[in-house]
file query.cif (mmCIF, C-alpha atoms and all ligand atoms)
data_final
loop_
_atom_site.label_atom_id
_atom_site.label_comp_id
_atom_site.auth_asym_id
_atom_site.auth_seq_id
_atom_site.Cartn_x
_atom_site.Cartn_y
_atom_site.Cartn_z
CA MET A 1 69.31 97.04 87.09
CA SER A 2 66.80 94.91 89.00
CA ALA A 3 69.08 92.61 91.02
CA ALA A 4 71.96 94.25 92.86
CA PRO A 5 75.14 93.95 90.80
CA ARG A 6 77.91 91.79 92.23
CA VAL A 7 81.25 93.51 92.04
CA VAL A 8 84.60 91.97 92.94
CA VAL A 9 87.69 94.17 93.26
CA LEU A 10 91.27 92.88 93.55
CA ALA A 11 93.15 95.51 95.53
CA GLY A 12 96.28 96.59 97.38
CA GLY A 13 96.46 99.26 100.06
CA VAL A 14 96.35 102.98 99.31
CA GLY A 15 95.52 102.99 95.60
CA GLY A 16 93.23 100.04 96.26
CA SER A 17 91.35 101.71 99.10
CA ARG A 18 90.77 104.93 97.15
CA PHE A 19 89.40 102.92 94.27
CA VAL A 20 87.17 100.81 96.53
CA LEU A 21 85.78 104.00 98.07
CA GLY A 22 84.95 105.14 94.54
CA VAL A 23 83.24 101.87 93.61
CA ARG A 24 81.21 101.97 96.84
CA ALA A 25 80.16 105.56 96.05
CA ALA A 26 79.19 104.57 92.51
CA LEU A 27 77.06 101.70 93.82
CA ARG A 28 75.37 104.04 96.30
CA ALA A 29 74.74 106.52 93.47
CA ARG A 30 72.87 103.69 91.73
CA GLY A 31 70.47 103.58 94.68
CA LEU A 32 72.02 100.60 96.44
CA ALA A 33 71.72 101.16 100.19
CA ASP A 34 73.34 97.88 101.24
CA THR A 35 76.54 97.79 99.23
CA ALA A 36 78.08 95.12 101.49
CA ALA A 37 76.07 92.45 99.69
CA SER A 38 77.28 93.75 96.32
CA LEU A 39 80.90 94.64 96.84
CA THR A 40 83.59 92.05 97.60
CA VAL A 41 87.20 93.15 97.92
CA VAL A 42 89.98 90.56 97.62
CA VAL A 43 92.92 92.14 99.40
CA ASN A 44 96.65 91.62 98.96
CA THR A 45 98.25 89.99 102.00
CA GLY A 46 101.76 89.89 100.54
CA ASP A 47 102.64 92.96 102.65
CA ASP A 48 101.81 91.14 105.89
CA LEU A 49 104.44 90.55 108.54
CA TRP A 50 105.15 89.53 112.10
CA LEU A 51 106.70 92.31 114.19
CA SER A 52 107.08 92.48 117.98
CA GLY A 53 104.91 89.41 118.25
CA VAL A 54 101.93 90.78 116.37
CA ARG A 55 100.61 90.16 112.88
CA LEU A 56 100.45 93.24 110.67
CA GLN A 57 98.27 93.35 107.56
CA PRO A 58 99.02 96.75 106.01
CA ASP A 59 96.81 96.52 102.92
CA VAL A 60 93.91 94.89 104.77
CA ASP A 61 94.06 97.66 107.37
CA SER A 62 94.38 100.45 104.79
CA ILE A 63 91.18 99.29 103.13
CA THR A 64 89.33 98.65 106.39
CA TYR A 65 90.25 102.05 107.83
CA ALA A 66 89.43 103.89 104.59
CA LEU A 67 85.99 102.26 104.27
CA ALA A 68 85.34 102.98 107.95
CA GLY A 69 86.41 106.61 107.45
CA VAL A 70 89.01 106.42 110.24
CA ASN A 71 92.14 106.37 108.08
CA ASP A 72 94.85 109.00 107.99
CA ALA A 73 94.31 110.17 104.42
CA GLU A 74 97.11 112.76 104.57
CA ARG A 75 99.81 110.34 105.60
CA GLY A 76 98.40 107.49 103.56
CA TRP A 77 98.53 104.77 106.23
CA GLY A 78 97.28 104.09 109.74
CA ARG A 79 94.59 105.72 111.83
CA ARG A 80 93.72 109.39 111.93
CA ASP A 81 94.68 111.21 115.16
CA ASP A 82 96.81 108.31 116.32
CA SER A 83 99.63 108.63 118.86
CA GLU A 84 102.92 106.76 119.19
CA ARG A 85 103.47 106.19 122.90
CA VAL A 86 103.70 102.42 122.66
CA ASN A 87 105.97 102.70 119.64
CA ARG A 88 108.41 104.89 121.59
CA GLU A 89 108.40 102.40 124.44
CA LEU A 90 109.06 99.51 122.03
CA GLN A 91 112.01 101.45 120.64
CA GLU A 92 113.38 102.05 124.15
CA TRP A 93 113.33 98.26 124.53
CA GLY A 94 115.07 97.86 121.18
CA ALA A 95 112.09 95.84 119.98
CA GLY A 96 110.68 95.88 116.47
CA TRP A 97 112.21 97.99 113.73
CA PRO A 98 113.44 101.51 114.63
CA TRP A 99 112.43 102.81 111.18
CA PHE A 100 108.92 101.34 111.28
CA THR A 101 106.29 103.31 113.16
CA LEU A 102 103.24 101.66 114.66
CA GLY A 103 100.48 103.91 115.94
CA ASP A 104 98.81 103.14 119.27
CA LEU A 105 95.35 102.64 117.76
CA ASP A 106 96.88 100.61 114.95
CA LEU A 107 98.61 98.40 117.53
CA GLY A 108 95.21 97.80 119.11
CA THR A 109 94.09 96.36 115.77
CA HIS A 110 97.19 94.18 115.52
CA LEU A 111 96.79 92.89 119.09
CA ALA A 112 93.13 92.03 118.51
CA ARG A 113 93.96 90.26 115.26
CA THR A 114 96.90 88.34 116.73
CA GLY A 115 94.85 87.23 119.72
CA TRP A 116 92.15 85.83 117.47
CA LEU A 117 94.70 84.13 115.22
CA ARG A 118 96.24 82.53 118.32
CA GLU A 119 92.78 81.32 119.36
CA GLY A 120 92.64 79.47 116.07
CA LEU A 121 90.60 81.73 113.82
CA THR A 122 91.72 81.85 110.21
CA PRO A 123 92.72 85.21 108.66
CA THR A 124 89.40 85.15 106.76
CA GLN A 125 87.48 84.67 110.02
CA VAL A 126 89.49 87.38 111.74
CA LEU A 127 88.79 89.85 108.94
CA GLU A 128 85.11 88.95 109.01
CA ARG A 129 85.05 89.66 112.74
CA MET A 130 86.94 92.92 112.28
CA SER A 131 84.51 94.00 109.57
CA HIS A 132 81.64 94.07 112.06
CA ARG A 133 82.95 97.03 114.02
CA TRP A 134 82.17 99.58 111.32
CA ASP A 135 79.67 99.80 108.50
CA LEU A 136 82.18 99.18 105.73
CA GLY A 137 79.68 98.65 102.93
CA ALA A 138 81.86 95.88 101.53
CA ARG A 139 82.87 92.32 102.25
CA LEU A 140 86.63 92.04 102.65
CA LEU A 141 88.45 88.80 101.96
CA PRO A 142 92.18 88.18 102.24
CA MET A 143 93.62 86.73 99.03
CA THR A 144 94.59 83.60 100.97
CA ASP A 145 94.64 82.28 104.52
CA ALA A 146 98.23 81.12 104.05
CA GLU A 147 101.23 83.21 105.06
CA ALA A 148 103.12 84.12 101.91
CA ASP A 149 104.83 87.39 102.84
CA THR A 150 106.61 89.11 99.96
CA VAL A 151 110.40 88.86 99.97
CA VAL A 152 112.61 91.12 97.86
CA VAL A 153 115.71 89.37 96.51
CA LEU A 154 118.59 91.67 95.59
CA GLY A 155 121.20 91.05 92.90
CA ASP A 156 123.72 89.69 95.44
CA GLY A 157 121.17 87.24 96.82
CA THR A 158 120.29 89.30 99.93
CA ARG A 159 116.70 88.67 101.00
CA LEU A 160 114.60 91.37 102.68
CA HIS A 161 111.01 91.38 103.81
CA PHE A 162 109.08 93.64 101.44
CA GLN A 163 108.38 96.13 104.25
CA GLU A 164 112.07 96.53 105.03
CA TRP A 165 112.90 97.14 101.38
CA TRP A 166 109.97 99.53 100.92
CA THR A 167 109.90 101.48 104.17
CA ARG A 168 113.49 101.41 105.38
CA HIS A 169 115.27 101.53 102.04
CA ARG A 170 112.52 103.39 100.12
CA ALA A 171 112.93 100.90 97.27
CA THR A 172 116.42 102.26 96.53
CA LEU A 173 118.11 98.82 96.54
CA ALA A 174 117.72 97.38 93.05
CA PRO A 175 115.60 94.24 93.26
CA ALA A 176 116.40 91.17 91.18
CA ARG A 177 113.01 89.62 91.88
CA PHE A 178 110.06 89.35 94.25
CA GLU A 179 109.08 86.08 95.86
CA ASN A 180 106.21 84.89 98.03
CA PRO A 181 107.58 81.82 99.81
CA GLY A 182 104.78 79.40 100.53
CA ILE A 183 102.44 80.71 97.88
CA ASP A 184 102.71 77.61 95.68
CA ALA A 185 101.02 75.61 98.42
CA ALA A 186 98.44 78.34 99.14
CA ALA A 187 94.84 78.47 97.98
CA PRO A 188 92.47 81.40 97.54
CA ALA A 189 90.71 82.21 100.82
CA PRO A 190 87.25 80.66 101.26
CA GLY A 191 84.70 82.66 99.29
CA VAL A 192 87.15 84.21 96.86
CA THR A 193 86.74 81.99 93.80
CA GLY A 194 82.99 81.70 94.42
CA ALA A 195 82.66 85.50 94.44
CA ILE A 196 84.67 85.78 91.23
CA ALA A 197 82.57 83.10 89.54
CA ALA A 198 79.30 84.77 90.59
CA ALA A 199 80.42 88.33 89.79
CA ASP A 200 78.86 90.73 87.30
CA VAL A 201 82.21 92.44 87.00
CA VAL A 202 85.74 91.79 88.25
CA LEU A 203 87.82 94.93 88.69
CA LEU A 204 91.61 95.16 88.96
CA ALA A 205 92.21 98.25 91.12
CA PRO A 206 94.92 100.74 90.10
CA SER A 207 97.22 99.16 92.68
CA ASN A 208 100.88 98.29 92.35
CA PRO A 209 100.83 95.62 89.61
CA VAL A 210 103.91 93.83 90.94
CA VAL A 211 103.68 93.79 94.73
CA SER A 212 99.92 94.32 95.30
CA ILE A 213 98.05 92.71 92.40
CA GLY A 214 101.00 90.40 91.65
CA PRO A 215 100.78 88.35 94.87
CA ILE A 216 96.97 88.07 94.56
CA LEU A 217 97.31 86.63 91.06
CA ALA A 218 100.15 84.36 92.21
CA VAL A 219 97.83 82.43 94.54
CA PRO A 220 97.27 79.12 92.71
CA GLY A 221 93.78 79.07 91.23
CA MET A 222 93.30 82.85 91.25
CA ARG A 223 94.22 83.52 87.63
CA GLU A 224 92.17 80.56 86.52
CA ALA A 225 89.16 81.89 88.47
CA VAL A 226 89.46 85.34 86.88
CA ARG A 227 89.94 83.85 83.43
CA ALA A 228 86.93 81.57 83.85
CA THR A 229 84.35 84.07 85.12
CA ALA A 230 81.49 84.98 82.79
CA ALA A 231 81.78 88.58 84.01
CA PRO A 232 83.80 91.21 82.19
CA VAL A 233 87.22 91.84 83.71
CA VAL A 234 88.08 95.53 83.79
CA GLY A 235 91.41 96.95 84.95
CA VAL A 236 92.38 100.49 85.88
CA SER A 237 95.84 101.85 85.14
CA PRO A 238 97.93 102.83 88.16
CA ILE A 239 100.18 104.75 85.75
CA ILE A 240 99.11 108.23 84.64
CA GLY A 241 101.08 110.11 82.00
CA GLY A 242 103.86 107.50 82.15
CA LYS A 243 104.39 108.06 85.88
CA VAL A 244 103.42 106.29 89.06
CA VAL A 245 101.08 108.59 90.86
CA ARG A 246 102.50 107.83 94.25
CA GLY A 247 104.88 105.25 95.65
CA MET A 248 107.62 103.36 93.88
CA ALA A 249 105.80 101.02 91.52
CA ASP A 250 108.18 102.04 88.72
CA VAL A 251 111.08 100.34 90.54
CA CYS A 252 108.98 97.19 90.88
CA LEU A 253 107.97 97.24 87.22
CA THR A 254 111.55 97.80 86.06
CA ALA A 255 112.67 94.83 88.17
CA ILE A 256 110.34 92.51 86.29
CA GLY A 257 111.22 94.06 82.93
CA VAL A 258 108.02 96.01 82.37
CA GLU A 259 108.05 99.63 81.22
CA THR A 260 106.29 102.20 83.43
CA SER A 261 103.47 102.88 81.01
CA ALA A 262 99.72 102.32 81.04
CA ALA A 263 99.99 100.15 77.92
CA ALA A 264 102.82 98.02 79.27
CA VAL A 265 100.92 97.31 82.51
CA ALA A 266 97.87 96.32 80.44
CA GLY A 267 100.21 94.00 78.54
CA LEU A 268 101.52 92.55 81.79
CA TYR A 269 97.97 91.52 82.77
CA GLY A 270 97.26 90.50 79.18
CA ALA A 271 94.08 90.08 77.15
CA ARG A 272 91.69 87.37 78.24
CA SER A 273 91.34 86.46 74.58
CA ALA A 274 95.08 85.69 74.54
CA GLY A 275 95.58 83.77 77.78
CA GLY A 276 95.60 86.86 80.03
CA LEU A 277 93.05 88.47 82.31
CA LEU A 278 91.65 91.70 80.87
CA ASP A 279 88.67 92.48 78.69
CA ALA A 280 88.90 96.26 79.13
CA TRP A 281 91.48 98.72 80.47
CA LEU A 282 90.84 102.22 81.76
CA LEU A 283 93.70 104.52 80.93
CA ALA A 284 94.12 108.20 81.69
CA GLU A 285 93.36 111.07 79.35
CA GLU A 286 97.09 111.88 79.62
CA ASP A 287 97.78 108.46 78.05
CA ALA A 288 95.14 108.66 75.29
CA ALA A 289 97.87 108.18 72.67
CA LEU A 290 98.40 104.64 74.05
CA ALA A 291 94.82 103.53 73.38
CA ASP A 292 95.75 101.95 70.03
CA ASP A 293 98.62 100.10 71.67
CA VAL A 294 96.19 98.66 74.25
CA ALA A 295 93.66 97.76 71.55
CA GLY A 296 96.46 96.06 69.59
CA ARG A 297 97.02 93.80 72.61
CA GLY A 298 93.40 92.62 72.33
CA ILE A 299 92.13 94.72 75.25
CA ARG A 300 89.34 97.31 74.90
CA PRO A 301 90.84 100.71 75.83
CA LEU A 302 88.67 103.26 77.63
CA VAL A 303 90.17 106.71 78.11
CA ARG A 304 88.87 108.32 81.32
CA PRO A 305 90.04 110.69 84.07
CA LEU A 306 91.92 108.43 86.51
CA TRP A 307 92.77 110.81 89.34
CA MET A 308 91.47 109.67 92.72
CA THR A 309 92.73 112.67 94.68
CA ASP A 310 89.30 113.58 96.07
CA ALA A 311 85.97 111.89 96.72
CA ALA A 312 84.49 113.19 93.46
CA GLY A 313 87.38 111.78 91.43
CA GLN A 314 87.13 108.45 93.24
CA ALA A 315 83.37 108.22 92.61
CA ALA A 316 83.77 109.17 88.95
CA LEU A 317 86.40 106.46 88.46
CA GLY A 318 84.25 103.91 90.30
CA ASP A 319 81.37 104.86 88.04
CA ALA A 320 83.49 104.58 84.89
CA ALA A 321 84.63 101.08 85.93
CA LEU A 322 81.03 99.94 86.47
CA VAL A 323 79.83 101.55 83.23
CA ALA A 324 82.61 99.68 81.39
CA ALA A 325 80.91 96.49 82.53
CA GLY A 326 77.42 97.69 81.62
CA ILE A 327 76.42 98.32 85.25
P1 LIG A 401 99.90 100.28 98.54
O1 LIG A 401 99.59 98.84 98.82
O2 LIG A 401 99.61 101.18 99.68
O3 LIG A 401 101.24 100.49 97.91
O4 LIG A 401 98.84 100.73 97.47
P2 LIG A 401 98.34 100.05 96.15
O5 LIG A 401 99.25 99.00 95.65
O6 LIG A 401 96.90 99.72 96.30
O7 LIG A 401 98.38 101.29 95.18
C1 LIG A 401 99.59 101.93 94.85
C2 LIG A 401 99.44 102.45 93.45
O8 LIG A 401 98.28 103.28 93.35
C3 LIG A 401 100.59 103.35 93.06
O9 LIG A 401 101.54 102.55 92.40
C4 LIG A 401 99.95 104.37 92.12
O10 LIG A 401 100.39 104.13 90.80
C5 LIG A 401 98.44 104.12 92.24
N1 LIG A 401 97.68 105.32 92.50
C6 LIG A 401 97.73 106.10 93.62
N2 LIG A 401 96.89 107.16 93.48
C7 LIG A 401 96.30 107.03 92.26
C8 LIG A 401 95.33 107.82 91.55
O11 LIG A 401 94.86 108.89 91.97
N3 LIG A 401 94.94 107.33 90.31
C9 LIG A 401 95.45 106.18 89.78
N4 LIG A 401 95.00 105.77 88.60
N5 LIG A 401 96.37 105.44 90.43
C10 LIG A 401 96.78 105.86 91.64
CA CA A 402 100.67 97.42 99.96
#
call {"tool": "encode", "arguments": {"input": "query.cif", "output": "structure tokens", "more": "lines below"}}
Ligand code: GDP
Ligand code: CA
result
Amino acid sequence: MSAAPRVVVLAGGVGGSRFVLGVRAALRARGLADTAASLTVVVNTGDDLWLSGVRLQPDVDSITYALAGVNDAERGWGRRDDSERVNRELQEWGAGWPWFTLGDLDLGTHLARTGWLREGLTPTQVLERMSHRWDLGARLLPMTDAEADTVVVLGDGTRLHFQEWWTRHRATLAPARFENPGIDAAAPAPGVTGAIAAADVVLLAPSNPVVSIGPILAVPGMREAVRATAAPVVGVSPIIGGKVVRGMADVCLTAIGVETSAAAVAGLYGARSAGGLLDAWLLAEEDAALADDVAGRGIRPLVRPLWMTDAAGQAALGDAALVAAGI
């Protein structure tokens, strides 16, 4: 390809960051040295929250740390070799949430971010500034500059911040629905719809369809932008062999009445030809029997290995997603 391809990925945290690492590797394998000009990641900010006076952006940080190579890959969140001195002190004060750990280095990130927000920078501007510290090889954009933190509503009407439901209760309290208060008045962050319109491919990462990709698509104008792009839209299944690989996405899917299957998630996003978003859907070899089901929904099925457990698997999946778009 003569001009550098323009790739946009919609992504959540852990699954999202592994996939973005793979796409970056696949772009580098195509001889692109400066992938930052090619790769734009639109990140879920539904997980964000205020805690002990600082703004946390879990998915934004997961992707930033992973691209910088400073993430704790074992644990799946936060910085490698972090300590928890400040966290212990906060707990002695009875501040914050006793079941929510914040690493010292991570808190440095949150303090820097909060300071800049207080000075009047937008979340997009803060993320741009934070992206300069490391050579990320990608441009990161929050889905929106508005605060629209995900709330889990239980059957009895109890409302919990997503992080409390997920981290404290491990998704064991049956959700009736997920809401993002404020999202109806939100707009995609500056640069997001332009990047989608100018893309050569738009990729839906194998992230949680309900609480990671869901909030991104719930930003008014986002679906329309994805539907309108001339680029192919290619999604990757977060479900392998009928199971969530990691995390509790099955509980989220059940809550919105969607089966935990690669075909059902493809159906949730829908075919672009039928008012949905997808042109093609990568599903795992373990789910090859569902290819006809996906095709019947008007989406081109592509059966590929979907494991991202090591760098080679990530790069192979990134490559498969680009190849699906002719890149
Ligand atoms: P979170 O924001 O940290 O919860 O992460 P994401 O929403 O980005 O991704 C979580 C989803 O990634 C999980 O629901 C898994 O189904 C999916 N996932 C994790 N590892 C893999 C993998 O190796 N392959 C695939 N296809 N999906 C994965
Ligand atoms: Ca997340």
call {"tool": "residues_near_ligand", "arguments": {"input": "query.cif", "ligand": "ligand CA 402 (chain A)", "cutoff": "10 Å", "atoms": "only C-alpha atoms and all ligand atoms", "output": "PyMOL selection string"}}
result
chain A and resi 11-16+43-48+57-62+77+162-163+166+207-208+211-213+247
call {"tool": "closest_residue", "arguments": {"input": "query.cif", "among": "A:Thr124, A:Thr254, A:Thr172, A:Ser237", "to": "Pro206 (chain A)", "atoms": "only C-alpha atoms"}}
result
A:Ser237
call {"tool": "atom_distance", "arguments": {"input": "query.cif", "atom1": "CA of Pro175 (chain A)", "atom2": "CA of Val258 (chain A)"}}
result
13.4 Å
call {"tool": "residues_around", "arguments": {"input": "query.cif", "residues": "region 320-323 of chain A", "least_positions_apart": "2", "cutoff": "10 Å", "atoms": "only C-alpha atoms", "output": "MDAnalysis selection string"}}
result
chainID A and resid 5 7 19 22:23 26:27 200:205 233:236 280:282 302:306 314:318 325:327
call {"tool": "atom_distance", "arguments": {"input": "query.cif", "atom1": "CA of Ser273 (chain A)", "atom2": "CA of Arg297 (chain A)"}}
result
9.5 Å
call {"tool": "closest_residue", "arguments": {"input": "query.cif", "among": "A:Trp134, A:Leu173, A:Met143, A:Gly313", "to": "Leu21 (chain A)", "atoms": "all atoms listed in the file"}}
result
A:Gly313
call {"tool": "closest_residue", "arguments": {"input": "query.cif", "among": "A:Met130, A:Ala284, A:Met308, A:Ala225", "to": "ligand LIG 401 (chain A)", "atoms": "all atoms listed in the file"}}
result
A:Met308
call {"tool": "closest_residue", "arguments": {"input": "query.cif", "among": "A:Ala312, A:Val244, A:Val251, A:Leu10", "to": "ligand LIG 401 (chain A)", "atoms": "only C-alpha atoms and all ligand atoms"}}
result
A:Val244
call {"tool": "closest_residue", "arguments": {"input": "query.cif", "among": "A:Asn71, A:Thr150, A:Thr193, A:Asn87", "to": "Trp99 (chain A)", "atoms": "only C-alpha atoms"}}
result
A:Asn87
call {"tool": "atom_distance", "arguments": {"input": "query.cif", "atom1": "CA of Ala295 (chain A)", "atom2": "CA of Gly270 (chain A)"}}
result
11.1 Å
call {"tool": "closest_residue", "arguments": {"input": "query.cif", "among": "A:Arg80, A:Lys243, A:Arg227, A:His110", "to": "Asp279 (chain A)", "atoms": "only C-alpha atoms"}}
result
A:Arg227
call {"tool": "residues_around", "arguments": {"input": "query.cif", "residues": "Ala198 (chain A)", "least_positions_apart": "6", "cutoff": "12 Å", "atoms": "all atoms listed in the file", "output": "list in words"}}
result
Pro5, Arg6, Val7, Val8, Ser38, Leu39, Thr40, Gly191, Val192, Ala225, Val226, Ala228, Thr229, Ala230, Ala231 and Pro232 of chain A
call {"tool": "axis_aligned_box", "arguments": {"input": "query.cif", "around": "region 160-175 of chain A", "padding_each_side": "8 Å", "output": "JSON"}}
result
{"center_x": 113.2, "center_y": 97.4, "center_z": 99.2, "size_x": 25.7, "size_y": 28.0, "size_z": 28.3}
call {"tool": "residues_around", "arguments": {"input": "query.cif", "residues": "Val86 (chain A)", "least_positions_apart": "2", "cutoff": "8 Å", "atoms": "all atoms listed in the file", "output": "JSON, numbers by chain"}}
result
{"A": [84, 88, 89, 90, 103, 104]}
